[in-house]
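Colleague: data.txt is reproduced below (compact mmCIF, C-alpha atoms and all ligand atoms).
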```
# COMPACT_ATOMS: atom_id res chain seq x y z
CA MET D 1 255.56 54.19 164.58
CA VAL D 2 251.97 52.91 164.35
CA LYS D 3 249.70 55.43 162.72
CA THR D 4 245.99 55.60 163.38
CA PRO D 5 244.52 54.87 159.96
CA PRO D 6 242.74 57.88 158.53
CA GLN D 7 239.05 57.48 157.86
CA THR D 8 238.50 56.36 154.33
CA THR D 9 237.22 59.10 152.08
CA GLY D 10 233.63 58.94 151.01
CA ILE D 11 230.41 59.77 152.68
CA THR D 12 230.77 60.82 156.27
CA GLU D 13 229.54 63.57 158.50
CA GLN D 14 232.69 63.34 160.58
CA PRO D 15 235.55 65.64 159.65
CA SER D 16 238.19 63.65 157.80
CA THR D 17 241.33 63.04 159.82
CA ALA D 18 243.53 62.91 156.72
CA VAL D 19 242.59 66.15 154.99
CA MET D 20 244.47 69.14 156.36
CA GLY D 21 242.31 71.38 158.49
CA THR D 22 242.54 74.50 156.35
CA TYR D 23 238.79 74.89 155.87
CA ASN D 24 235.83 75.39 158.13
CA ARG D 25 233.37 73.11 156.38
CA TYR D 26 229.61 72.88 156.71
CA PRO D 27 228.31 69.49 157.86
CA LEU D 28 227.11 68.69 154.39
CA THR D 29 228.37 66.07 151.94
CA LEU D 30 227.31 66.76 148.38
CA VAL D 31 227.38 63.81 146.04
CA ARG D 32 225.36 64.69 142.92
CA GLY D 33 224.26 67.72 140.98
CA ASN D 34 222.06 68.69 138.10
CA GLY D 35 221.71 72.26 136.83
CA CYS D 36 221.26 74.54 139.84
CA TRP D 37 220.49 71.68 142.22
CA VAL D 38 222.73 69.43 144.30
CA ARG D 39 221.96 66.43 146.49
CA ASP D 40 223.63 65.32 149.68
CA HIS D 41 224.41 61.72 150.58
CA LYS D 42 221.02 61.37 152.29
CA GLY D 43 219.25 62.36 149.08
CA ASP D 44 218.20 65.83 150.26
CA ARG D 45 218.10 68.38 147.44
CA TYR D 46 219.57 71.88 147.78
CA LEU D 47 219.27 74.91 145.54
CA ASP D 48 222.83 75.95 144.81
CA ALA D 49 223.40 79.71 144.86
CA VAL D 50 227.12 79.14 145.42
CA ALA D 51 228.02 77.17 142.27
CA GLY D 52 231.45 76.16 143.55
CA ILE D 53 231.97 79.83 144.49
CA ALA D 54 231.07 81.38 141.16
CA THR D 55 232.64 78.67 139.05
CA CYS D 56 229.95 76.27 137.79
CA THR D 57 228.85 78.57 135.00
CA LEU D 58 226.66 76.00 133.23
CA GLY D 59 225.42 74.37 136.43
CA HIS D 60 226.13 70.83 137.53
CA SER D 61 226.43 67.85 135.24
CA ASN D 62 225.72 69.99 132.20
CA ARG D 63 225.09 67.88 129.12
CA ALA D 64 227.35 69.83 126.73
CA MET D 65 230.15 69.74 129.30
CA ARG D 66 229.72 66.01 129.90
CA ARG D 67 229.84 65.25 126.21
CA ALA D 68 232.83 67.47 125.50
CA LEU D 69 234.90 66.23 128.42
CA LYS D 70 234.06 62.57 127.80
CA ASP D 71 235.23 63.03 124.25
CA GLN D 72 238.36 64.85 125.37
CA LEU D 73 239.15 62.19 127.99
CA SER D 74 238.91 59.50 125.38
CA ARG D 75 241.33 61.36 123.10
CA LEU D 76 243.95 63.32 125.07
CA GLN D 77 244.11 64.95 128.48
CA HIS D 78 247.53 66.44 128.90
CA VAL D 79 250.74 66.79 126.93
CA SER D 80 252.56 69.89 128.32
CA ASN D 81 253.39 73.19 126.70
CA LEU D 82 256.35 71.65 124.91
CA TYR D 83 253.92 71.10 122.03
CA GLN D 84 251.19 72.86 120.09
CA ILE D 85 247.79 72.42 121.76
CA PRO D 86 244.85 73.08 119.39
CA GLU D 87 242.27 73.37 122.22
CA GLN D 88 244.46 76.00 123.90
CA GLU D 89 244.85 77.92 120.64
CA GLU D 90 241.10 77.79 120.06
CA LEU D 91 240.19 79.00 123.54
CA ALA D 92 242.78 81.79 123.36
CA ARG D 93 241.36 82.83 119.99
CA TRP D 94 237.84 82.96 121.44
CA LEU D 95 239.00 85.06 124.41
CA VAL D 96 240.91 87.46 122.15
CA ASN D 97 238.01 87.76 119.69
CA ASN D 98 235.62 88.52 122.53
CA SER D 99 237.62 90.96 124.66
CA CYS D 100 239.95 93.93 124.44
CA ALA D 101 242.94 91.58 124.84
CA ASP D 102 245.36 90.39 122.17
CA SER D 103 247.04 87.37 123.74
CA VAL D 104 246.51 84.82 126.48
CA PHE D 105 248.66 82.83 128.92
CA PHE D 106 246.92 79.88 130.58
CA CYS D 107 247.38 78.70 134.16
CA ASN D 108 245.17 76.82 136.65
CA SER D 109 243.63 79.25 139.14
CA GLY D 110 242.89 82.85 140.00
CA ALA D 111 245.85 83.25 142.32
CA GLU D 112 248.15 81.90 139.62
CA ALA D 113 246.70 84.30 137.05
CA ASN D 114 247.42 87.15 139.45
CA GLU D 115 250.94 85.87 140.12
CA ALA D 116 251.54 85.99 136.37
CA ALA D 117 250.11 89.51 136.21
CA ILE D 118 252.36 90.63 139.06
CA LYS D 119 255.46 89.31 137.27
CA LEU D 120 254.33 90.96 134.05
CA ALA D 121 253.76 94.26 135.86
CA ARG D 122 257.22 94.16 137.41
CA LYS D 123 258.78 93.46 134.01
CA HIS D 124 256.87 96.45 132.61
CA GLY D 125 258.18 98.58 135.50
CA HIS D 126 261.79 97.56 134.93
CA GLN D 127 261.78 97.69 131.13
CA ARG D 128 259.44 100.52 130.33
CA ARG D 129 259.58 102.83 133.31
CA GLY D 130 263.15 102.16 134.45
CA ILE D 131 262.09 101.35 138.01
CA GLU D 132 264.45 99.24 140.11
CA ARG D 133 261.92 98.19 142.79
CA PRO D 134 258.49 98.54 141.16
CA ILE D 135 255.35 99.02 143.22
CA ILE D 136 251.85 97.76 142.39
CA LEU D 137 248.86 99.67 143.75
CA THR D 138 245.95 97.59 145.04
CA ALA D 139 242.72 98.44 146.84
CA ALA D 140 241.74 97.98 150.46
CA ALA D 141 239.23 95.12 150.91
CA SER D 142 240.44 93.51 147.68
CA PHE D 143 241.01 89.79 147.26
CA HIS D 144 243.53 88.40 144.80
CA GLY D 145 244.24 84.87 146.09
CA ARG D 146 246.23 82.94 148.68
CA THR D 147 249.65 82.37 147.12
CA LEU D 148 252.30 84.59 148.68
CA ALA D 149 252.42 87.42 146.12
CA ALA D 150 248.64 87.31 145.51
CA VAL D 151 247.91 87.46 149.23
CA SER D 152 250.44 90.30 149.62
CA ALA D 153 248.49 92.15 146.92
CA THR D 154 245.25 91.46 148.80
CA GLY D 155 244.18 94.55 150.74
CA GLN D 156 242.88 92.65 153.79
CA PRO D 157 245.49 92.43 156.55
CA ARG D 158 243.65 89.52 158.22
CA TYR D 159 244.94 87.28 155.42
CA HIS D 160 248.54 88.36 156.13
CA VAL D 161 248.64 87.63 159.85
CA GLY D 162 251.00 84.81 160.68
CA PHE D 163 252.64 84.72 157.26
CA GLU D 164 254.81 87.83 157.38
CA PRO D 165 256.96 89.06 155.83
CA MET D 166 254.68 89.75 152.93
CA VAL D 167 256.14 90.10 149.44
CA GLU D 168 257.29 93.70 149.08
CA GLY D 169 256.09 96.10 146.42
CA PHE D 170 252.39 96.57 147.14
CA GLU D 171 250.69 99.74 148.41
CA THR D 172 247.00 100.10 149.15
CA PHE D 173 244.43 102.84 148.46
CA THR D 174 240.73 103.00 149.32
CA TYR D 175 238.45 101.35 146.74
CA ASN D 176 236.23 103.76 144.79
CA ASP D 177 238.03 106.76 146.32
CA ILE D 178 239.95 108.73 143.71
CA GLN D 179 241.45 111.08 146.27
CA SER D 180 242.98 108.20 148.15
CA PHE D 181 244.35 106.82 144.86
CA GLU D 182 245.79 110.14 143.71
CA GLN D 183 247.35 110.91 147.08
CA LEU D 184 249.10 107.55 147.12
CA LEU D 185 250.25 107.80 143.51
CA ASN D 186 251.54 111.36 143.91
CA ARG D 187 253.33 110.52 147.16
CA LEU D 188 255.02 107.46 145.67
CA GLU D 189 256.01 109.23 142.46
CA ALA D 190 257.03 112.57 143.99
CA HIS D 191 260.66 111.99 142.98
CA GLY D 192 260.22 109.91 139.84
CA PRO D 193 258.65 106.68 138.59
CA ARG D 194 258.00 103.98 141.16
CA VAL D 195 254.62 102.48 140.25
CA CYS D 196 254.44 99.81 137.54
CA ALA D 197 250.76 98.80 137.77
CA VAL D 198 247.37 99.10 139.39
CA LEU D 199 245.73 95.75 140.18
CA ILE D 200 242.02 96.10 140.92
CA GLU D 201 238.73 94.19 140.77
CA PRO D 202 235.96 95.82 138.67
CA LEU D 203 233.64 94.60 141.44
CA GLN D 204 235.06 93.45 144.76
CA GLY D 205 233.63 89.98 145.33
CA GLU D 206 235.12 88.51 148.50
CA GLY D 207 235.45 92.04 149.93
CA GLY D 208 231.65 92.44 150.12
CA VAL D 209 230.14 92.48 146.60
CA ASN D 210 231.13 96.06 146.01
CA PRO D 211 230.76 97.32 142.42
CA GLY D 212 233.36 99.73 141.08
CA ASP D 213 232.48 103.38 140.46
CA PRO D 214 232.86 104.10 136.71
CA ASP D 215 234.05 107.69 137.35
CA VAL D 216 236.80 106.49 139.67
CA PHE D 217 237.88 103.77 137.27
CA ARG D 218 237.97 106.27 134.37
CA ALA D 219 240.16 108.59 136.42
CA ILE D 220 242.48 105.70 137.33
CA ARG D 221 242.68 104.80 133.63
CA ARG D 222 243.69 108.40 132.83
CA HIS D 223 246.46 108.41 135.43
CA CYS D 224 247.76 105.08 134.15
CA ASP D 225 247.82 106.40 130.56
CA GLU D 226 249.62 109.58 131.57
CA ARG D 227 252.40 107.69 133.34
CA ASN D 228 252.55 104.45 131.34
CA ILE D 229 251.35 102.41 134.30
CA LEU D 230 249.65 99.08 133.53
CA LEU D 231 246.01 98.81 134.51
CA ILE D 232 245.23 95.22 135.50
CA PHE D 233 241.65 94.10 136.16
CA ASP D 234 241.21 91.03 138.33
CA GLU D 235 238.13 89.54 136.64
CA VAL D 236 238.55 86.17 138.36
CA GLN D 237 235.12 86.36 139.97
CA VAL D 238 233.23 88.77 137.73
CA GLY D 239 234.51 87.75 134.28
CA MET D 240 233.03 85.24 131.81
CA GLY D 241 229.52 86.63 131.94
CA ARG D 242 228.70 86.69 135.63
CA SER D 243 227.95 90.42 135.60
CA GLY D 244 225.53 90.18 132.66
CA ARG D 245 228.27 91.42 130.32
CA LEU D 246 231.10 89.15 129.33
CA TRP D 247 233.58 91.30 131.26
CA GLY D 248 233.36 93.49 134.33
CA TYR D 249 235.27 96.19 132.45
CA GLU D 250 232.25 96.54 130.14
CA GLN D 251 230.11 97.46 133.16
CA LEU D 252 232.56 100.28 133.89
CA ASN D 253 233.22 101.22 130.30
CA VAL D 254 236.96 101.27 131.03
CA GLN D 255 239.39 99.00 129.22
CA PRO D 256 242.29 97.52 131.15
CA ASP D 257 245.70 96.56 129.70
CA VAL D 258 245.64 93.20 131.44
CA ILE D 259 242.85 90.88 132.65
CA THR D 260 243.16 87.97 135.04
CA LEU D 261 240.57 85.24 134.79
CA ALA D 262 239.71 81.87 136.37
CA LYS D 263 236.61 80.60 138.22
CA GLY D 264 233.78 80.70 135.64
CA LEU D 265 236.11 80.13 132.69
CA GLY D 266 236.27 76.39 133.28
CA GLY D 267 232.68 75.90 134.42
CA GLY D 268 233.90 73.93 137.45
CA HIS D 269 237.25 72.76 136.04
CA ALA D 270 240.60 74.20 137.01
CA ILE D 271 241.78 76.81 134.54
CA GLY D 272 243.03 80.38 134.87
CA ALA D 273 244.25 82.90 132.35
CA LEU D 274 246.20 86.10 131.93
CA LEU D 275 244.98 88.22 129.04
CA THR D 276 247.03 91.14 127.77
CA SER D 277 246.70 93.86 125.22
CA GLN D 278 249.45 94.02 122.61
CA HIS D 279 251.03 96.87 124.55
CA ALA D 280 251.33 94.69 127.67
CA ASP D 281 252.36 91.47 125.89
CA LEU D 282 255.81 91.47 127.46
CA PHE D 283 256.64 87.91 128.40
CA ALA D 284 259.40 86.34 126.31
CA PRO D 285 259.96 82.57 126.01
CA GLY D 286 261.18 81.31 129.38
CA ASP D 287 259.74 84.21 131.41
CA HIS D 288 256.77 82.28 132.74
CA ALA D 289 255.35 78.76 132.54
CA SER D 290 252.95 76.23 133.98
CA THR D 291 253.01 72.45 133.67
CA PHE D 292 249.25 72.02 133.58
CA GLY D 293 248.33 75.50 132.29
CA GLY D 294 246.29 75.34 129.11
CA ASN D 295 246.07 71.54 128.97
CA PRO D 296 243.64 70.10 126.40
CA PHE D 297 241.13 68.94 129.02
CA ALA D 298 240.87 72.26 130.85
CA CYS D 299 240.76 74.21 127.61
CA ARG D 300 238.00 71.97 126.29
CA ALA D 301 236.04 72.81 129.44
CA GLY D 302 236.67 76.52 128.81
CA LEU D 303 235.65 76.21 125.17
CA THR D 304 232.44 74.47 126.18
CA VAL D 305 231.60 77.31 128.56
CA ALA D 306 232.36 79.86 125.84
CA ARG D 307 230.21 78.10 123.22
CA GLU D 308 227.30 77.52 125.57
CA LEU D 309 227.38 81.17 126.69
CA GLU D 310 226.89 82.07 123.03
CA ARG D 311 224.53 79.27 121.95
CA ARG D 312 222.17 79.71 124.90
CA GLN D 313 222.49 83.50 124.96
CA LEU D 314 223.30 83.28 128.62
CA LEU D 315 224.33 86.91 129.03
CA ARG D 316 220.71 87.91 128.51
CA ASN D 317 219.63 85.31 131.06
CA VAL D 318 222.18 86.65 133.56
CA SER D 319 220.90 90.22 133.16
CA GLU D 320 217.23 89.25 133.42
CA ARG D 321 217.64 86.81 136.30
CA GLY D 322 220.01 89.27 137.99
CA GLU D 323 217.34 91.96 137.84
CA GLN D 324 214.74 89.53 139.18
CA LEU D 325 217.05 88.51 142.02
CA SER D 326 217.97 92.10 142.84
CA ALA D 327 214.29 93.19 142.86
CA GLY D 328 213.44 90.28 145.17
CA LEU D 329 216.29 91.15 147.51
CA HIS D 330 215.07 94.75 147.71
CA GLN D 331 211.62 93.45 148.66
CA LEU D 332 213.22 91.42 151.42
CA ILE D 333 214.89 94.59 152.71
CA GLN D 334 211.42 96.15 153.05
CA ARG D 335 210.22 93.06 154.93
CA PHE D 336 213.19 92.84 157.29
CA PRO D 337 214.32 96.44 157.84
CA GLN D 338 215.83 95.64 161.25
CA GLN D 339 218.24 93.13 159.76
CA LEU D 340 218.82 94.13 156.16
CA GLN D 341 220.40 97.28 154.85
CA ASP D 342 221.12 96.97 151.14
CA ALA D 343 221.37 94.69 148.14
CA ARG D 344 224.02 95.29 145.51
CA GLY D 345 225.91 93.63 142.72
CA TRP D 346 225.89 93.01 138.99
CA GLY D 347 223.99 90.27 137.17
CA LEU D 348 224.25 87.00 139.04
CA LEU D 349 226.78 88.26 141.55
CA GLN D 350 224.53 89.75 144.21
CA GLY D 351 225.14 90.59 147.84
CA LEU D 352 222.56 91.08 150.58
CA VAL D 353 224.02 93.49 153.11
CA LEU D 354 223.13 93.06 156.78
CA ARG D 355 222.84 96.07 159.05
CA GLU D 356 225.96 96.84 161.04
CA ASP D 357 223.85 97.49 164.15
CA CYS D 358 222.17 94.07 164.13
CA ASP D 359 223.76 91.01 165.69
CA LEU D 360 223.20 88.83 162.68
CA THR D 361 226.25 87.87 160.63
CA ALA D 362 226.42 86.60 157.06
CA ALA D 363 227.65 83.28 158.47
CA ASP D 364 224.46 83.03 160.58
CA VAL D 365 222.29 83.49 157.49
CA VAL D 366 224.30 81.00 155.42
CA LYS D 367 224.04 78.41 158.18
CA ALA D 368 220.31 78.94 158.69
CA ALA D 369 219.72 78.72 154.93
CA LEU D 370 221.02 75.14 154.99
CA ALA D 371 217.90 74.16 156.91
CA GLN D 372 215.84 75.67 154.07
CA LYS D 373 217.88 73.64 151.57
CA LEU D 374 219.56 76.69 150.10
CA LEU D 375 223.31 77.12 149.59
CA LEU D 376 224.70 80.63 150.07
CA VAL D 377 228.19 81.98 150.80
CA PRO D 378 229.34 84.95 152.88
CA ALA D 379 231.42 87.78 151.41
CA GLY D 380 232.89 89.22 154.58
CA ALA D 381 231.12 89.45 157.94
CA LYS D 382 227.99 91.27 156.84
CA VAL D 383 227.31 90.37 153.22
CA VAL D 384 225.50 87.23 152.05
CA ARG D 385 226.60 86.43 148.52
CA MET D 386 224.57 84.76 145.78
CA VAL D 387 226.44 83.46 142.74
CA PRO D 388 224.22 80.75 141.20
CA PRO D 389 224.98 79.04 137.87
CA LEU D 390 224.38 81.38 134.93
CA VAL D 391 221.72 78.97 133.62
CA ILE D 392 219.38 79.60 136.56
CA ASP D 393 215.79 80.14 135.39
CA ARG D 394 212.93 82.34 136.59
CA ARG D 395 211.33 79.66 138.76
CA GLU D 396 214.63 78.84 140.40
CA VAL D 397 215.29 82.50 141.24
CA LYS D 398 211.80 82.59 142.78
CA ALA D 399 212.65 79.47 144.79
CA LEU D 400 215.93 81.03 145.88
CA LEU D 401 214.13 84.14 147.12
CA SER D 402 211.40 82.23 148.96
CA ARG D 403 213.96 79.98 150.68
CA LEU D 404 215.94 83.06 151.66
CA GLU D 405 212.75 84.67 152.97
CA ARG D 406 211.98 81.60 155.08
CA THR D 407 215.56 81.66 156.38
CA LEU D 408 215.17 85.29 157.48
CA GLU D 409 211.75 84.56 159.02
CA GLN D 410 213.26 81.73 161.00
CA LEU D 411 216.16 83.90 162.19
CA ASN D 412 213.68 86.63 163.10
CA ALA D 413 211.45 84.30 165.10
N1 LIG D 501 240.79 87.03 142.54
C1 LIG D 501 239.50 87.16 142.88
C2 LIG D 501 238.77 88.43 142.55
C3 LIG D 501 238.84 86.13 143.56
O1 LIG D 501 237.56 86.28 143.92
C4 LIG D 501 239.56 84.95 143.85
C5 LIG D 501 238.92 83.86 144.60
O2 LIG D 501 237.92 83.99 145.23
C6 LIG D 501 240.89 84.85 143.46
C7 LIG D 501 241.47 85.90 142.81
C8 LIG D 501 241.68 83.62 143.76
O3 LIG D 501 241.27 82.60 142.90
P1 LIG D 501 241.68 81.08 143.21
O4 LIG D 501 240.98 80.67 144.44
O5 LIG D 501 241.23 80.35 141.97
O6 LIG D 501 243.17 81.07 143.36
```
In structure tokens, write the structure found in this file.
Ligand code: PLP

Modeller:
Amino acid sequence: MVKTPPQTTGITEQPSTAVMGTYNRYPLTLVRGNGCWVRDHKGDRYLDAVAGIATCTLGHSNRAMRRALKDQLSRLQHVSNLYQIPEQEELARWLVNNSCADSVFFCNSGAEANEAAIKLARKHGHQRRGIERPIILTAAASFHGRTLAAVSATGQPRYHVGFEPMVEGFETFTYNDIQSFEQLLNRLEAHGPRVCAVLIEPLQGEGGVNPGDPDVFRAIRRHCDERNILLIFDEVQVGMGRSGRLWGYEQLNVQPDVITLAKGLGGGHAIGALLTSQHADLFAPGDHASTFGGNPFACRAGLTVARELERRQLLRNVSERGEQLSAGLHQLIQRFPQQLQDARGWGLLQGLVLREDCDLTAADVVKAALAQKLLLVPAGAKVVRMVPPLVIDRREVKALLSRLERTLEQLNA
């Protein structure tokens, strides 16, 4: 059979014929980056408030990252977990020293971190609560990833359609609604233990930039303690400083037993992690594994992010720039009351909420912003999300806001 040759990769505005069509892509080919700015193949410069969807913590082409990874590439990239890996040990030590967790398992993505957490939760259910078919409670509008168990945990049925049957053992309650949580828990446990864990985001990112309610999270913590249910926080999007604190759980003042992490940890490189307290450190040798998880290269990237967060005091920058961004978004709401309803979020994870009764969608705003050389990303149909690198400065936040204002003016015209 003669195959039509696929277009060579590289710079093209045509959709590639060789890459599987799983994404709706913007007609934009980005080829370079520096800090919060990226350039397309024509040389046009864009302000990047997407940062690889909340991953490029230190911005693009960061000097410390370049140096560290060049050095690591010239020494050792990958050896497998058959051996001791000093970079992995060092990153785990940093994570443990800087969180409520006591040990770390490394993987490569957020979905994988959640898969690990789901296995851990089931083991806890079997071993500690004597449950034969353990159930994990998750929230409506949550997002936990696209692998089969992670998507089954995700409380958005639109991600399930076409891929049924979902993995069994997940039940959903309404986010930030303690009554909904208690009703579900009491119903499921009316005749004895059935729930092994609660898996929840401290702030729902993909589900619309929806911060958790500390009172609700405290009550969930209490129920988990009373019944020996594991409380797992999915910090994939909000962890590693994006909220202005290192962890989302610090915003809520509620400590989980387990944390899942990815995105910002690697500053643009693939790494995920499962962090557990001593109480939840249940995996025995052979229970779980990953070929690439915790490889020297990825861990060096993670270590560089960790050290730069400290050296540059980036948490303070995130809080200050987050406040500046939030204040600017609230001013935009005053200017465009017909279109805009609310602005919410923590630190440099902010969402601009469009009014339900206006025709405009988040996708419309994101598309129009391209013309103003601004990169944004939707979080659901009506929320425009801003997740710039954590190194963004005052002038760049100002530029972000003025480009967003011009975008809204243009859409209003
Ligand atoms: N969990 C949360 C809260 C996320 O926001 C995401 C991705 O957006 C994931 C899990 C999945 O992460 P990944 O795409 O790295 O598998």

Colleague: I'd like the contact shell of Val384 of chain D - 12 Å cut-off, all atoms listed in the file, skipping same-chain residues fewer than 4 positions apart - returned as an NGL selection string.

Modeller: :D and (49-50 or 205-209 or 329 or 340-345 or 349-355 or 360-369 or 375-380 or 404 or 408)

Colleague: Mind giving me the straight-line distance from atom CA of Ala121 of chain D to atom CA of Leu203 of chain D in Å, one decimal?

Modeller: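 Between these atoms lies a distance of 20.9 Å.
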
Colleague: Show me which residues sit within 8 Å of ligand LIG 501 (chain D) when counting only C-alpha atoms and all ligand atoms, and put them as a PyMOL selection string.

Modeller: chain D and resi 53+108-114+142-147+150+201+204-206+234-238+260-263+270+272

Colleague: What gap, in Å, lies between atom CA of Gly244 of chain D and atom CA of Arg321 of chain D?

Modeller: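 These two atoms are separated by 9.3 Å.
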
Colleague: What is the distance, in Å and to one decimal place, between atom CA of Ala284 of chain D and atom CA of Leu95 of chain D?

Modeller: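 Separation between atom CA of Ala284 of chain D and atom CA of Leu95 of chain D: 20.5 Å.
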
Colleague: With distances taken over only C-alpha atoms, which residue among D:Trp346, D:Phe297, D:Tyr23, D:Phe106 lies nearest Arg242 of chain D?

Modeller: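 Counting only C-alpha atoms, the residue closest to Arg242 of chain D is D:Trp346.
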
Colleague: Do you know which residues are at most 12 Å from Arg307 of chain D counting only C-alpha atoms, after dropping those on the same chain fewer than 4 positions away, and could you put them as an MDAnalysis selection string?

Modeller: chainID D and resid 57:58 64:65 68 90:91 94:95 98 240 265:267 300:303 311:314

Colleague: Place a sphere of radius 9 Å on (251.8, 92.8, 124.6) in the file coordinates and name every protein, DNA or RNA residue with an atom inside or on its surface, counting all atoms listed in the file; give the answer as a list of chain:residue names.

Modeller: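 Checking each residue against the 9 Å limit leaves D:Ala101, D:Asp102, D:Ser103, D:Asp257, D:Thr276, D:Ser277, D:Gln278, D:His279, D:Ala280, D:Asp281, D:Leu282, D:Phe283.
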
Colleague: With a distance cut-off of 10 Å and all atoms listed in the file, select the neighbouring residues of Val397 of chain D, excluding the residue or stretch itself and same-chain residues fewer than 5 positions from it, and output the selection as an mmCIF file with C-alpha atoms, in the frame of the given file.

Modeller:
```
data_model
loop_
_atom_site.group_PDB
_atom_site.id
_atom_site.type_symbol
_atom_site.label_atom_id
_atom_site.label_comp_id
_atom_site.auth_asym_id
_atom_site.auth_seq_id
_atom_site.Cartn_x
_atom_site.Cartn_y
_atom_site.Cartn_z
ATOM 1 C CA LEU D 47 219.270 74.910 145.540
ATOM 2 C CA ALA D 49 223.400 79.710 144.860
ATOM 3 C CA ARG D 321 217.640 86.810 136.300
ATOM 4 C CA GLY D 322 220.010 89.270 137.990
ATOM 5 C CA GLN D 324 214.740 89.530 139.180
ATOM 6 C CA LEU D 325 217.050 88.510 142.020
ATOM 7 C CA GLY D 328 213.440 90.280 145.170
ATOM 8 C CA PRO D 388 224.220 80.750 141.200
ATOM 9 C CA ILE D 392 219.380 79.600 136.560
ATOM 10 C CA SER D 402 211.400 82.230 148.960
ATOM 11 C CA ARG D 403 213.960 79.980 150.680
#
```

Colleague: Pick out the residues sitting within 7 Å of Gly59 of chain D, and hand them over as a compact mmCIF listing (two decimals) with C-alpha atoms, in the coordinates of the input; count all atoms listed in the file, and ignore anything fewer than 3 positions along from it in its own chain.

Modeller:
```
# COMPACT_ATOMS: atom_id res chain seq x y z
CA ASN D 34 222.06 68.69 138.10
CA GLY D 35 221.71 72.26 136.83
CA CYS D 36 221.26 74.54 139.84
CA ALA D 51 228.02 77.17 142.27
CA CYS D 56 229.95 76.27 137.79
CA ASN D 62 225.72 69.99 132.20
CA PRO D 389 224.98 79.04 137.87
CA VAL D 391 221.72 78.97 133.62
```
